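Report on the structure given below.
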Amino acid sequence: SFAPDTGATRPHLTLTYAQSLDGKIAGIRGKQLILSGPESMKATHILRSKHDAILVGIGTVLNDDPRLTVRLSDDDLPPGSDPVQHPQPIILDGTLRFPLSAKLVLPSSPRKPWIFTSPVHDNQRRNEIEALGAKVIVLDVDAQGWGDLSHVFSSASTYTPHIDPRTDEKRLAFGIGCYPGRLSIPDLLSKLHQQSIRSLMVEGGAGVVSSFLKSGLVDAFLLTVAPVYVGKDGISAVQDAEDAAKFEDISYYTLGRDVMMIAKPRKG
């Protein structure tokens, strides 16, 4: 079920993504792969319409420039459904790399994004983003493994980009909010609940999927498998075997050429 628990203190969390037969969800350097067929894509948009918010990482915004809307008409929805409602776009962006030209902040966008970032960010950039109608919200940081970071939060002057040799992208020199798991997922969910978000759909990309799977907070999991091979240049959702989640209450459905698995991550 994707219905939120009325007694919960965080949103119901649905994690969904599409992968190839060899487990790849994106091309090299995060390049977008069109994996889902029209039937499973329609199912994804129906699912979007049933959630209050939809979340992706900044990498997905930079690579795909998505709208994160429901691309369906009322007639496409199952009988008895409410009219099409676009979910609130949520972006995880630890260093405020959000592009000012993104489709998400165009005047035609039905809902301007909420961008969650780390305590250390460029205030001028924040003002530029918020001037376009987006909301920037600061999250706690999971500093495990980074030592004492108290000095980092003392001044905005510590915002020092550098080139990460693993990705050739500009990232904060101290790594906060740049790699999977640095922004606090529990704090994110708490702040969303405070904003009356009761159901959250997480779509990716790879780092976001991996972080949420490892968090142990996913309530429902939907995986679409497309009958294609990507090869060695693709990116997998899970990089290490020890990070792989186990599932229960598993169901399988054939949607056109694709297979969709719906399951619950096993707790503990």
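Every chain in the structure tokens has a letter given in the order shown (A, B, ...), and although residue numbers restart at 1 in each chain, ligands are simply numbered from 1 in the order shown.
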
Identify all residues of segment 21-237 of chain A in strand (DSSP E or B) (DSSP on the backbone) and supply them as an MDAnalysis selection string.
-> chainID A and resid 24:26 53:57 88:92 114:117 135:138 141 161:164 169:172 183 199:204 220:225 235:236

Taking N, CA and C atoms for each residue, export the selection above as a compact mmCIF listing (two decimals), in the first residue's frame.
```txt
# COMPACT_ATOMS: atom_id res chain seq x y z
N LYS A 24 21.66 -1.75 -14.60
CA LYS A 24 22.10 -0.37 -14.79
C LYS A 24 20.90 0.58 -14.82
N ILE A 25 21.04 1.73 -14.16
CA ILE A 25 19.95 2.70 -14.13
C ILE A 25 20.31 4.00 -14.84
N ALA A 26 21.58 4.17 -15.20
CA ALA A 26 22.01 5.38 -15.91
C ALA A 26 23.25 5.05 -16.72
N ALA A 53 4.64 14.30 -2.83
CA ALA A 53 5.91 14.88 -3.26
C ALA A 53 6.73 13.84 -4.00
N ILE A 54 7.64 14.33 -4.84
CA ILE A 54 8.54 13.47 -5.61
C ILE A 54 9.95 14.01 -5.46
N LEU A 55 10.91 13.11 -5.22
CA LEU A 55 12.28 13.52 -4.90
C LEU A 55 13.29 12.95 -5.88
N VAL A 56 14.22 13.81 -6.29
CA VAL A 56 15.40 13.38 -7.04
C VAL A 56 16.61 14.13 -6.51
N GLY A 57 17.80 13.65 -6.86
CA GLY A 57 19.03 14.34 -6.50
C GLY A 57 19.39 15.38 -7.54
N GLN A 88 4.70 17.69 -5.24
CA GLN A 88 5.66 18.75 -4.94
C GLN A 88 7.07 18.27 -5.27
N PRO A 89 7.80 18.92 -6.18
CA PRO A 89 9.18 18.49 -6.48
C PRO A 89 10.12 18.78 -5.31
N ILE A 90 10.90 17.77 -4.94
CA ILE A 90 11.91 17.89 -3.88
C ILE A 90 13.27 17.56 -4.49
N ILE A 91 14.24 18.43 -4.28
CA ILE A 91 15.58 18.24 -4.83
C ILE A 91 16.59 18.20 -3.69
N LEU A 92 17.45 17.17 -3.68
CA LEU A 92 18.57 17.11 -2.74
C LEU A 92 19.79 17.71 -3.42
N TRP A 114 11.18 22.52 -3.94
CA TRP A 114 11.81 22.74 -2.64
C TRP A 114 13.19 22.10 -2.73
N ILE A 115 14.22 22.88 -2.48
CA ILE A 115 15.60 22.41 -2.63
C ILE A 115 16.21 22.29 -1.24
N PHE A 116 16.61 21.08 -0.88
CA PHE A 116 17.20 20.83 0.43
C PHE A 116 18.71 20.81 0.30
N THR A 117 19.38 21.58 1.14
CA THR A 117 20.82 21.74 1.02
C THR A 117 21.48 21.62 2.39
N LYS A 135 11.98 27.16 -3.11
CA LYS A 135 12.22 27.30 -1.68
C LYS A 135 13.48 26.52 -1.33
N VAL A 136 14.41 27.14 -0.62
CA VAL A 136 15.64 26.48 -0.18
C VAL A 136 15.53 26.20 1.31
N ILE A 137 15.73 24.93 1.69
CA ILE A 137 15.59 24.50 3.08
C ILE A 137 16.88 23.82 3.51
N VAL A 138 17.39 24.19 4.66
CA VAL A 138 18.66 23.65 5.16
C VAL A 138 18.40 22.39 5.97
N VAL A 141 23.37 17.58 8.61
CA VAL A 141 24.32 16.79 7.85
C VAL A 141 24.74 15.58 8.65
N PRO A 161 34.75 25.14 -3.80
CA PRO A 161 34.62 24.05 -4.75
C PRO A 161 35.98 23.55 -5.22
N HIS A 162 36.02 22.28 -5.61
CA HIS A 162 37.21 21.75 -6.25
C HIS A 162 36.74 20.68 -7.23
N ILE A 163 37.67 20.18 -8.02
CA ILE A 163 37.32 19.16 -8.99
C ILE A 163 37.54 17.78 -8.38
N ASP A 164 36.49 17.01 -8.31
CA ASP A 164 36.58 15.64 -7.80
C ASP A 164 37.08 14.75 -8.94
N GLU A 169 33.50 16.71 -11.49
CA GLU A 169 32.52 17.73 -11.16
C GLU A 169 33.02 18.60 -10.01
N LYS A 170 32.57 19.83 -9.97
CA LYS A 170 32.88 20.69 -8.83
C LYS A 170 32.11 20.20 -7.61
N ARG A 171 32.82 20.05 -6.50
CA ARG A 171 32.19 19.64 -5.26
C ARG A 171 32.85 20.39 -4.11
N LEU A 172 32.20 20.40 -2.97
CA LEU A 172 32.81 21.04 -1.81
C LEU A 172 34.07 20.30 -1.41
N LEU A 183 23.61 14.30 3.44
CA LEU A 183 22.45 15.01 3.96
C LEU A 183 21.61 14.04 4.78
N SER A 199 3.20 11.63 1.88
CA SER A 199 3.70 10.52 1.04
C SER A 199 4.75 11.07 0.09
N LEU A 200 5.87 10.37 0.01
CA LEU A 200 7.03 10.81 -0.78
C LEU A 200 7.45 9.71 -1.72
N MET A 201 7.61 10.06 -3.00
CA MET A 201 8.08 9.13 -4.02
C MET A 201 9.51 9.52 -4.40
N VAL A 202 10.45 8.61 -4.20
CA VAL A 202 11.86 8.85 -4.51
C VAL A 202 12.19 8.17 -5.83
N GLU A 203 12.71 8.94 -6.81
CA GLU A 203 12.97 8.39 -8.14
C GLU A 203 14.45 8.28 -8.49
N GLY A 204 15.36 8.87 -7.77
CA GLY A 204 16.76 8.71 -8.15
C GLY A 204 17.51 10.03 -8.14
N ALA A 220 7.88 1.18 0.67
CA ALA A 220 7.46 0.43 -0.51
C ALA A 220 8.51 0.59 -1.60
N PHE A 221 8.75 -0.48 -2.35
CA PHE A 221 9.81 -0.50 -3.35
C PHE A 221 9.22 -0.98 -4.67
N LEU A 222 9.42 -0.20 -5.73
CA LEU A 222 8.97 -0.57 -7.06
C LEU A 222 10.15 -0.55 -8.02
N LEU A 223 10.41 -1.67 -8.62
CA LEU A 223 11.51 -1.80 -9.57
C LEU A 223 10.96 -2.22 -10.91
N THR A 224 11.25 -1.44 -11.94
CA THR A 224 10.89 -1.80 -13.31
C THR A 224 12.13 -2.30 -14.02
N VAL A 225 12.04 -3.50 -14.59
CA VAL A 225 13.17 -4.10 -15.31
C VAL A 225 12.84 -4.11 -16.80
N ILE A 235 25.71 2.72 -14.88
CA ILE A 235 25.81 2.91 -13.43
C ILE A 235 24.74 2.09 -12.76
N SER A 236 25.12 1.35 -11.71
CA SER A 236 24.17 0.53 -10.96
C SER A 236 23.64 1.30 -9.76
```

I want to know what sits within 6 Å of segment 102-112 of chain A, based on only C-alpha atoms, with residues of the same chain fewer than 3 positions away left out; could you give that as a PDB file with C-alpha atoms, in the first residue's frame?
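The resulting part-v9.pdb:
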```pdb
ATOM      1  CA  ARG A  67       9.730  18.627 -14.917  1.00  0.00           C
ATOM      2  CA  PRO A  99      20.671  25.555 -12.510  1.00  0.00           C
ATOM      3  CA  ALA A 134      11.893  27.894  -5.410  1.00  0.00           C
TER       4      ALA A 134
END
```

Backbone DSSP call of helix (DSSP H, G or I) for segment 46-76 of chain A, listed as a ChimeraX atom specification = /A:46-49,58-64,74-76

Written selection (N, CA and C atoms) as a PDB file, in the first residue's frame:
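Final file, again-v7.pdb:
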```pdb
ATOM      1  N   ILE A  46       1.004   7.444 -12.960  1.00  0.00           N
ATOM      2  CA  ILE A  46      -0.142   7.225 -12.073  1.00  0.00           C
ATOM      3  C   ILE A  46       0.329   7.221 -10.622  1.00  0.00           C
ATOM      4  N   LEU A  47       1.468   6.572 -10.390  1.00  0.00           N
ATOM      5  CA  LEU A  47       2.026   6.521  -9.036  1.00  0.00           C
ATOM      6  C   LEU A  47       2.408   7.922  -8.550  1.00  0.00           C
ATOM      7  N   ARG A  48       2.989   8.728  -9.431  1.00  0.00           N
ATOM      8  CA  ARG A  48       3.311  10.107  -9.052  1.00  0.00           C
ATOM      9  C   ARG A  48       2.061  10.844  -8.563  1.00  0.00           C
ATOM     10  N   SER A  49       0.951  10.619  -9.264  1.00  0.00           N
ATOM     11  CA  SER A  49      -0.277  11.342  -8.929  1.00  0.00           C
ATOM     12  C   SER A  49      -0.822  10.955  -7.564  1.00  0.00           C
ATOM     13  N   ILE A  58      20.331  16.248  -7.189  1.00  0.00           N
ATOM     14  CA  ILE A  58      20.740  17.311  -8.095  1.00  0.00           C
ATOM     15  C   ILE A  58      21.359  16.752  -9.372  1.00  0.00           C
ATOM     16  N   GLY A  59      21.983  15.575  -9.300  1.00  0.00           N
ATOM     17  CA  GLY A  59      22.547  14.977 -10.505  1.00  0.00           C
ATOM     18  C   GLY A  59      21.496  14.722 -11.563  1.00  0.00           C
ATOM     19  N   THR A  60      20.317  14.272 -11.143  1.00  0.00           N
ATOM     20  CA  THR A  60      19.221  14.043 -12.085  1.00  0.00           C
ATOM     21  C   THR A  60      18.768  15.351 -12.711  1.00  0.00           C
ATOM     22  N   VAL A  61      18.723  16.416 -11.920  1.00  0.00           N
ATOM     23  CA  VAL A  61      18.333  17.721 -12.460  1.00  0.00           C
ATOM     24  C   VAL A  61      19.353  18.197 -13.488  1.00  0.00           C
ATOM     25  N   LEU A  62      20.638  18.062 -13.178  1.00  0.00           N
ATOM     26  CA  LEU A  62      21.686  18.527 -14.086  1.00  0.00           C
ATOM     27  C   LEU A  62      21.743  17.705 -15.366  1.00  0.00           C
ATOM     28  N   ASN A  63      21.522  16.391 -15.259  1.00  0.00           N
ATOM     29  CA  ASN A  63      21.636  15.520 -16.431  1.00  0.00           C
ATOM     30  C   ASN A  63      20.372  15.483 -17.284  1.00  0.00           C
ATOM     31  N   ASP A  64      19.194  15.501 -16.626  1.00  0.00           N
ATOM     32  CA  ASP A  64      17.940  15.252 -17.342  1.00  0.00           C
ATOM     33  C   ASP A  64      17.050  16.479 -17.481  1.00  0.00           C
ATOM     34  N   ASP A  74      -6.902  13.295 -16.850  1.00  0.00           N
ATOM     35  CA  ASP A  74      -7.808  12.632 -15.910  1.00  0.00           C
ATOM     36  C   ASP A  74      -8.326  11.318 -16.475  1.00  0.00           C
ATOM     37  N   ASP A  75      -8.483  11.245 -17.811  1.00  0.00           N
ATOM     38  CA  ASP A  75      -9.006  10.028 -18.448  1.00  0.00           C
ATOM     39  C   ASP A  75      -8.018   8.871 -18.374  1.00  0.00           C
ATOM     40  N   ASP A  76      -6.735   9.175 -18.166  1.00  0.00           N
ATOM     41  CA  ASP A  76      -5.721   8.118 -18.092  1.00  0.00           C
ATOM     42  C   ASP A  76      -5.696   7.431 -16.732  1.00  0.00           C
TER      43      ASP A  76
END
```

Counting only C-alpha atoms, the residue of A:Leu35, A:Ser210, A:Asp233, A:Tyr17 that sits nearest Ile262 of chain A =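 Checking each candidate against Ile262 of chain A, we get A:Tyr17 as the closest.
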
Computed interatomic separation between atom CA of Leu100 of chain A and atom CA of Lys42 of chain A (Å) = 29.1 Å

Just give me the gap between atom CA of Leu217 of chain A and atom CA of Pro87 of chain A in Å, one decimal is fine.
->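 These two atoms are separated by 20.2 Å.
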